[in-house]
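Single-structure report; data block below.
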There are 2 protein chains.
Amino acid sequence: MSQETVKYLLPESEIPTHWVNLLPDLPGDPLPPLNPGTMQPAGPDDLTPIFPMGLIMQEVSPEPEVEIPDQVREAYRIYRPSPLYRAHRLEKALDTPAHIYFKYEGVSPAGSHKPNSAIPQAYENKQAGIDKLSTETGAGQWGSALALACSLFDMKCEVFMVGASYDQKPYRRAMMEAWGATVHRSPSDLTDAGRSQQEHPTGSLGIAISEAVEVAAKDGGTNYALGSVLNHVCLHQTVIGQEAMAQMAMAGEEPDVIVGCVGGGSNFAGLSFPFVRRVLRGEAKTRFLAAEPAACPTLTRGAYRYDFGDTVGMTPLLPMYTLGHDFVPPPVHAGGLRYHGDSPMLCGLVHHGVVEARAYRQNEAFESAVRFARTEGILPGPEPAHAIRATVEEAEAAREAGEPRVILLGLSGHGHFDMSAYDAYLSGSLEDIEFSEQEMEDALARLPEAPALA
Amino acid sequence: MSQETVKYLLPESEIPTHWVNLLPDLPGDPLPPLNPGTMQPAGPDDLTPIFPMGLIMQEVSPEPEVEIPDQVREAYRIYRPSPLYRAHRLEKALDTPAHIYFKYEGVSPAGSHKPNSAIPQAYENKQAGIDKLSTETGAGQWGSALALACSLFDMKCEVFMVGASYDQKPYRRAMMEAWGATVHRSPSDLTDAGRSQQEHPTGSLGIAISEAVEVAAKDGGTNYALGSVLNHVCLHQTVIGQEAMAQMAMAGEEPDVIVGCVGGGSNFAGLSFPFVRRVLRGEAKTRFLAAEPAACPTLTRGAYRYDFGDTVGMTPLLPMYTLGHDFVPPPVHAGGLRYHGDSPMLCGLVHHGVVEARAYRQNEAFESAVRFARTEGILPGPEPAHAIRATVEEAEAAREAGEPRVILLGLSGHGHFDMSAYDAYLSGSLEDIEFSEQEMEDALARLPEAPALA
């Protein structure tokens, strides 16, 4: 065993003072979201019923950096800066000359990177006089993060939890309730949307979004909060990459490749965008590798088109890779990666070849996650397990090439609330569920009419 | 909100190089463990069938400090040094002039302080040529920690898990299995002890200990590992208090009172013993407050006597406060605190008035834990919830006295695997189970004949 440093820690004073806004750096023409009724660019007025102006201005900001409010930095101090680890033990187990680093966001009280955006979203709403937020949650990560953030800013939080998850994950529900949130099983009988969907008793993320948006739209004191996809969410997550950049400098290394998992894209954006900016500006030659589930292969198999962000078609049209807004991904354990689209900013980078994407089956992802747990100690969540799989491939490629490549992995969260998935993997009962090409093609055929993307 | 520091972090180079052995500092006459057959002091020969000589020498060491092996320090680097927090938000919520600090051990991959001893126990056994460890687990914290430690040293791990916990906590079992351990439901049909207890299908810690000890005693390549009570376990845990002392110095404060929860005593010993040494040597005037469950009030209601460490009477007789070795505590959610006795070293300090003890009901403990979660973000385990209750009392006493007392709280672990207890508390169905005085008196009447304690 080596006596080299394992963890690179920054003091609280090194929590970033600004978020990195990649919007002005993006290659190609700007692709605004469209109002589905008029096909004109959606403006702030399309969003004010459910978002505060502070977040809307962040969503469309042309500034390369956005200052982080003091109270947000103060709340970040509960768990930030997060540690960067050198994975000496995993490297040894893989017999690779690669240097593997991972940035670990599981140290947040909610167990993932999600509070990085939940905290500023709660703060901006509080500043706007809003005292309650509504949201949906599937796997439970986002709902937990928003419940935590609302408790820190003394706000109410109402979470519509997908029925199947509500039944299967009572501990995630209890976590949200411990932080003071009210959690409803969706479809509920509290909203028109929920009442209209009682024939789907297990619910879906689309139905839960509809319920949460309805609550926000009908109540002037309540706003809605979204945990991924949108520009302002990606913006907030860039604290991850900025810290990682400072920590890699402490280690005296520069990443050759940065690897992360993608559901809606906020985790990947958070780690990579500060590094992507350097590449777009010609200051570095980093590769970027996005790992997604083969059961929901948005970036690797989707169409690059305008589509709705939600299932029932209530949002503006977003320019993105999509499997079709009413495509329902199979129920793999990486619930956080089951989304038909992805962040428009990230999709643009994939479209322009800045970011590569690969899809992995859940058994190969869990095989790598167990290998990681038995060497590095930390039990990864099912979502970053996909990124670990990609990291193992990159480390093996480095061994075959005989090159000491530097890999930076985003470990977005722990798996403490996903042990049933480990149980299934270890007992051999985890299935590699195939997504339905026919269903995807049918869903793509139902895409709304909209201008083609360049 | 204040901009004062929230977290005090130490670099890896500040992981202690030695453990603090309080044995030579203890007040009063030495009280050796006794061989129950001869009533003579138990020596190394009584322990060699199940423990390696390296640990036995630590158990009886007269040295004030014991060096930490390099490979143990290397493994500690996965999660150590652990953070010390200033609880600004809790202080504000309590409107107290007290300064509340907490040392957080939930950052270990197993989620508690237990790996601090599991790692050196695995290491010493590995050095002695042992390739497998057996143990028992109730709440699952210790079994998880040993499974982790064995994975790090490439050893096998066999865990006998109390039947009721095995059924109720499948995620804890899955966690151990993810680290490669084999987990048996106890009573099992794999041991004589287990086969003889099939009429108690839900099992007990006593039965599980018997099974694990039997496996170790019968197999030359297998040893047994215990997660608390014994001197060497308390010794290993003193990394907590040494780091906390350095971190309190960073904060420029000296604790007036140190608070921790007590089950077998290793967590409390770990945080407090380095500070206790200074008090015993006349260098400080710190108070020490041990928090235990009212359902298992060993330190506050037990008899100070020689008793067996296990339920069925296989261990040497230990000098301690005890409720009687065959007293079965009611099934409160703080499973880690359900032990009939306590560390002899800690009991001696209570007996000599160095450490105070208080007992709390589980509803008041959870009330304080929820208050903590909603201010500090972190969800405490049910065990440290008792220490948080005591901290709140101390903070309120400081307010009443108008004194800016400095409180140092040991937050031994998170509650991610105990959310059903939060669920019960929040839904109003958590019971304040009373322990049975009659059962305790009956159990005390069955204490083995042994010399009285001074």
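In the structure tokens, chains take letters A, B, ... by order of appearance, with residues numbered from 1 within each chain and ligands from 1 in the order shown.
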Please report as an mmCIF file with C-alpha atoms, in the first residue's frame which residues of chain A come no farther than 7 Å from chain B, using only C-alpha atoms.
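The resulting iface-v9.cif:
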data_model
loop_
_atom_site.group_PDB
_atom_site.id
_atom_site.type_symbol
_atom_site.label_atom_id
_atom_site.label_comp_id
_atom_site.auth_asym_id
_atom_site.auth_seq_id
_atom_site.Cartn_x
_atom_site.Cartn_y
_atom_site.Cartn_z
ATOM 1 C CA GLN A 3 1.490 6.339 1.594
ATOM 2 C CA VAL A 6 -5.883 9.511 -0.542
ATOM 3 C CA GLU A 74 -23.325 29.426 4.135
ATOM 4 C CA ARG A 77 -20.795 24.695 4.274
ATOM 5 C CA ILE A 78 -22.821 21.903 5.852
ATOM 6 C CA PRO A 109 -26.875 14.951 4.189
ATOM 7 C CA LEU A 148 -33.426 19.320 3.368
ATOM 8 C CA SER A 151 -35.819 22.845 6.321
ATOM 9 C CA LEU A 152 -32.680 25.029 6.181
ATOM 10 C CA TYR A 171 -37.119 4.962 4.083
ATOM 11 C CA ALA A 174 -39.274 8.872 6.092
ATOM 12 C CA MET A 175 -36.083 10.837 5.346
ATOM 13 C CA ALA A 178 -37.774 13.820 9.099
ATOM 14 C CA TRP A 179 -36.747 17.073 7.421
ATOM 15 C CA VAL A 370 -19.160 -3.963 -6.043
ATOM 16 C CA ALA A 373 -16.992 -0.965 -2.759
ATOM 17 C CA ARG A 374 -14.581 -3.810 -1.981
ATOM 18 C CA THR A 375 -11.515 -1.698 -2.767
ATOM 19 C CA GLY A 377 -14.920 1.131 0.816
ATOM 20 C CA ILE A 378 -17.691 3.478 -0.326
ATOM 21 C CA HIS A 416 -27.561 3.434 1.278
ATOM 22 C CA MET A 419 -29.421 -1.837 -1.081
ATOM 23 C CA SER A 420 -32.301 -3.869 -2.523
ATOM 24 C CA TYR A 422 -27.314 -4.732 -4.521
ATOM 25 C CA ASP A 423 -29.273 -7.580 -2.986
#
Worksheet entry | Exercise: stretch 44-46 of chain A partners within 9 Å, only C-alpha atoms, chain neighbours under 5 positions left out, as a list in words |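 Result of the neighbour search: Asn35, Met53, Ile56, Met57, Val60 and Pro316 of chain A.
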Mind dumping the selected residues with C-alpha atoms as a PDB file, in the first residue's frame?
ATOM      1  CA  ASN A  35     -43.487  28.030 -26.480  1.00  0.00           C
ATOM      2  CA  MET A  53     -37.485  35.740 -11.282  1.00  0.00           C
ATOM      3  CA  ILE A  56     -35.414  32.649 -14.413  1.00  0.00           C
ATOM      4  CA  MET A  57     -32.629  35.204 -14.766  1.00  0.00           C
ATOM      5  CA  VAL A  60     -31.176  32.750 -19.364  1.00  0.00           C
ATOM      6  CA  PRO A 316     -41.797  24.562 -23.174  1.00  0.00           C
TER       7      PRO A 316
END
*Go ahead and compute the interatomic distance for atom CA of A:Tyr304 and atom CA of A:Met320, in Å to one decimal.*
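Value for the atom CA of A:Tyr304-atom CA of A:Met320 distance: 5.4 Å.
Excluding stretch 119-135 of chain A and any residue on its chain fewer than 3 positions from it, the residues at most 7 Å away by only C-alpha atoms are A:Pro52, A:Gly54, A:Leu55, A:Val72, A:Pro115, A:Asn116, A:Ala149, A:Cys150, A:Phe153, A:Met155, A:Lys156, A:Cys157, A:Glu158, A:Val159, A:Phe160, A:Ile209, A:Ala212, A:Val215, A:Ala216, A:Gly221, A:Thr222, A:Asn223, A:Tyr224, A:Ala225, A:Leu226.
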Query raised in the report: Excluding same-chain residues fewer than 4 positions from stretch 14-25 of chain B, what lies within 6 Å of it counting only C-alpha atoms, as an MDAnalysis selection string?
Result: chainID B and resid 62 64:68 81 235 238
Could you give me, as a CSV table (one decimal) with all heavy atoms, in the first residue's frame, the residues within 12 Å of A:Met39, counting only C-alpha atoms and dropping anything in the same chain fewer than 3 positions from it?
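Contents of the output file around00.csv:
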chain,number,residue,atom,x,y,z
A,32,PRO,N,-33.0,28.4,-28.3
A,32,PRO,CA,-33.9,28.7,-27.2
A,32,PRO,C,-35.0,27.6,-27.0
A,32,PRO,O,-35.4,27.0,-28.0
A,32,PRO,CB,-34.5,30.0,-27.6
A,32,PRO,CG,-34.5,30.0,-29.1
A,32,PRO,CD,-33.3,29.2,-29.5
A,33,PRO,N,-35.5,27.5,-25.8
A,33,PRO,CA,-36.7,26.7,-25.7
A,33,PRO,C,-37.9,27.4,-26.4
A,33,PRO,O,-37.8,28.6,-26.5
A,33,PRO,CB,-36.9,26.7,-24.1
A,33,PRO,CG,-36.2,27.9,-23.6
A,33,PRO,CD,-35.0,28.1,-24.6
A,34,LEU,N,-38.8,26.7,-26.8
A,34,LEU,CA,-40.0,27.3,-27.6
A,34,LEU,C,-41.3,27.1,-26.8
A,34,LEU,O,-41.5,26.1,-26.2
A,34,LEU,CB,-40.1,26.5,-29.0
A,34,LEU,CG,-38.9,26.6,-29.9
A,34,LEU,CD1,-39.2,25.9,-31.2
A,34,LEU,CD2,-38.4,28.0,-30.2
A,35,ASN,N,-42.1,28.1,-27.0
A,35,ASN,CA,-43.5,28.0,-26.5
A,35,ASN,C,-44.2,27.1,-27.4
A,35,ASN,O,-44.3,27.3,-28.6
A,35,ASN,CB,-44.1,29.4,-26.5
A,35,ASN,CG,-45.6,29.4,-26.1
A,35,ASN,OD1,-46.4,28.6,-26.5
A,35,ASN,ND2,-45.9,30.3,-25.2
A,36,PRO,N,-44.8,26.0,-27.0
A,36,PRO,CA,-45.4,25.0,-27.9
A,36,PRO,C,-46.6,25.5,-28.6
A,36,PRO,O,-47.0,25.0,-29.7
A,36,PRO,CB,-45.7,23.8,-27.0
A,36,PRO,CG,-45.8,24.4,-25.6
A,36,PRO,CD,-44.9,25.6,-25.6
A,42,ALA,N,-39.5,30.7,-25.8
A,42,ALA,CA,-40.2,30.9,-24.5
A,42,ALA,C,-39.4,32.0,-23.7
A,42,ALA,O,-38.2,32.0,-23.6
A,42,ALA,CB,-40.2,29.6,-23.8
A,43,GLY,N,-40.2,32.9,-23.2
A,43,GLY,CA,-39.5,34.0,-22.4
A,43,GLY,C,-39.8,33.8,-20.9
A,43,GLY,O,-40.5,32.9,-20.5
A,306,TYR,N,-36.5,19.0,-30.9
A,306,TYR,CA,-37.3,19.7,-29.9
A,306,TYR,C,-38.4,18.7,-29.3
A,306,TYR,O,-39.1,18.0,-30.0
A,306,TYR,CB,-38.1,20.9,-30.5
A,306,TYR,CG,-37.3,22.2,-30.4
A,306,TYR,CD1,-36.7,22.7,-31.6
A,306,TYR,CD2,-37.1,22.8,-29.2
A,306,TYR,CE1,-36.0,23.9,-31.5
A,306,TYR,CE2,-36.4,24.0,-29.1
A,306,TYR,CZ,-35.8,24.6,-30.3
A,306,TYR,OH,-35.1,25.7,-30.2
A,307,ASP,N,-38.5,18.7,-28.0
A,307,ASP,CA,-39.5,17.8,-27.3
A,307,ASP,C,-39.9,18.4,-26.0
A,307,ASP,O,-39.2,19.3,-25.4
A,307,ASP,CB,-38.9,16.4,-27.1
A,307,ASP,CG,-40.1,15.4,-26.9
A,307,ASP,OD1,-41.2,15.8,-26.9
A,307,ASP,OD2,-39.7,14.2,-26.6
A,316,PRO,N,-42.3,24.1,-21.9
A,316,PRO,CA,-41.8,24.6,-23.2
A,316,PRO,C,-41.1,23.4,-23.9
A,316,PRO,O,-40.7,22.4,-23.3
A,316,PRO,CB,-40.8,25.7,-22.8
A,316,PRO,CG,-41.3,26.2,-21.5
A,316,PRO,CD,-41.8,25.0,-20.8
A,317,LEU,N,-40.9,23.6,-25.2
A,317,LEU,CA,-40.2,22.5,-26.0
A,317,LEU,C,-38.7,22.8,-25.8
A,317,LEU,O,-38.2,23.9,-25.9
A,317,LEU,CB,-40.6,22.6,-27.5
A,317,LEU,CG,-42.0,22.3,-27.8
A,317,LEU,CD1,-42.3,22.6,-29.3
A,317,LEU,CD2,-42.3,20.8,-27.5
A,318,LEU,N,-38.0,21.7,-25.5
A,318,LEU,CA,-36.5,21.9,-25.3
A,318,LEU,C,-35.8,21.2,-26.4
A,318,LEU,O,-36.2,20.1,-26.8
A,318,LEU,CB,-36.2,21.2,-23.9
A,318,LEU,CG,-36.9,21.8,-22.7
A,318,LEU,CD1,-36.6,21.0,-21.5
A,318,LEU,CD2,-36.5,23.2,-22.5
A,448,PRO,N,-43.7,16.4,-31.0
A,448,PRO,CA,-44.4,17.6,-31.5
A,448,PRO,C,-43.7,18.1,-32.8
A,448,PRO,O,-42.5,18.0,-32.9
A,448,PRO,CB,-44.3,18.6,-30.4
A,448,PRO,CG,-43.2,18.2,-29.6
A,448,PRO,CD,-43.1,16.7,-29.7
A,449,GLU,N,-44.5,18.7,-33.7
A,449,GLU,CA,-44.0,19.5,-34.8
A,449,GLU,C,-43.2,20.6,-34.3
A,449,GLU,O,-43.6,21.4,-33.5
A,449,GLU,CB,-45.1,20.0,-35.7
A,449,GLU,CG,-45.9,18.9,-36.4
A,449,GLU,CD,-45.1,18.2,-37.5
A,449,GLU,OE1,-44.2,18.9,-38.1
A,449,GLU,OE2,-45.2,17.0,-37.8
A,450,ALA,N,-42.0,20.8,-34.8
A,450,ALA,CA,-41.1,21.9,-34.3
A,450,ALA,C,-40.0,22.0,-35.3
A,450,ALA,O,-39.7,21.1,-36.1
A,450,ALA,CB,-40.6,21.6,-32.9
A,451,PRO,N,-39.3,23.2,-35.3
A,451,PRO,CA,-38.1,23.4,-36.2
A,451,PRO,C,-37.1,22.3,-36.0
A,451,PRO,O,-36.9,21.9,-34.8
A,451,PRO,CB,-37.6,24.8,-35.9
A,451,PRO,CG,-38.7,25.5,-35.2
A,451,PRO,CD,-39.6,24.4,-34.5
A,452,ALA,N,-36.4,21.9,-37.0
A,452,ALA,CA,-35.3,20.9,-36.9
A,452,ALA,C,-34.1,21.6,-36.2
A,452,ALA,O,-34.0,22.8,-36.2
A,452,ALA,CB,-34.9,20.4,-38.3
Applying 9 Å and only C-alpha atoms, which residues near B:His352 remain after dropping the ones on its own chain fewer than 4 positions away? List them as a PDB file with all heavy atoms, in the first residue's frame.
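Below you can see selection26.pdb, which holds the result:
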ATOM      1  N   PRO B  27      -8.271   5.494  38.009  1.00  0.00           N
ATOM      2  CA  PRO B  27      -8.255   5.621  39.474  1.00  0.00           C
ATOM      3  C   PRO B  27      -8.609   4.287  40.129  1.00  0.00           C
ATOM      4  O   PRO B  27      -9.244   3.428  39.525  1.00  0.00           O
ATOM      5  CB  PRO B  27      -9.336   6.672  39.744  1.00  0.00           C
ATOM      6  CG  PRO B  27     -10.269   6.595  38.572  1.00  0.00           C
ATOM      7  CD  PRO B  27      -9.427   6.174  37.401  1.00  0.00           C
ATOM      8  N   GLY B  28      -8.191   4.102  41.379  1.00  0.00           N
ATOM      9  CA  GLY B  28      -8.550   2.902  42.132  1.00  0.00           C
ATOM     10  C   GLY B  28      -7.629   1.738  41.812  1.00  0.00           C
ATOM     11  O   GLY B  28      -6.721   1.828  40.986  1.00  0.00           O
ATOM     12  N   CYS B 347     -16.869   1.908  33.154  1.00  0.00           N
ATOM     13  CA  CYS B 347     -17.607   1.707  34.412  1.00  0.00           C
ATOM     14  C   CYS B 347     -16.784   2.184  35.613  1.00  0.00           C
ATOM     15  O   CYS B 347     -17.327   2.767  36.561  1.00  0.00           O
ATOM     16  CB  CYS B 347     -17.983   0.231  34.573  1.00  0.00           C
ATOM     17  SG  CYS B 347     -19.244  -0.313  33.393  1.00  0.00           S
ATOM     18  N   GLY B 348     -15.476   1.936  35.559  1.00  0.00           N
ATOM     19  CA  GLY B 348     -14.619   2.404  36.644  1.00  0.00           C
ATOM     20  C   GLY B 348     -14.656   3.924  36.763  1.00  0.00           C
ATOM     21  O   GLY B 348     -14.668   4.484  37.865  1.00  0.00           O
TER      22      GLY B 348
END
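Take the candidates B:Thr191, B:Ser61, B:Gln362, B:Ser228 and check each one against B:Asn267 using only C-alpha atoms; the shortest distance goes to B:Ser228.
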task: Could you tell me, as a PyMOL selection string, which residues of stretch 159-263 of chain B DSSP assigns to helix (DSSP H, G or I) when given the backbone?
output: chain B and resi 163-168+170-178+192-195+205-218+231-237+239-251
Inset, instruction - Go through stretch 181-311 of chain A and collect every residue that DSSP, computed from the backbone, puts in strand (DSSP E); the answer should be as a list in words. - result: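 Answer for stretch 181-311 of chain A restricted to strand (DSSP E) is Thr182, Val183, His184, Arg185, Ser186, Thr222, Asn223, Tyr224, Val257, Ile258, Val259, Gly260, Cys261, Arg287, Phe288, Leu289, Ala290, Ala291, Glu292, Pro293, Ala303, Tyr304, Arg305, Tyr306, Asp307 and Phe308 of chain A.
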Test item: residues at most 7 Å from A:Gly138, only C-alpha atoms, excluding those fewer than 5 positions along its chain, as an MDAnalysis selection string: chainID A and resid 161:162 165 205 335
Between atom CA of A:Gly324 and atom CA of A:Ala290 lies a distance of 19.9 Å
- Task: Go ahead and compute the interatomic distance for atom CA of A:Val239 and atom CA of A:Gly227, in Å to one decimal.
- Result: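 Between these atoms lies a distance of 15.5 Å.
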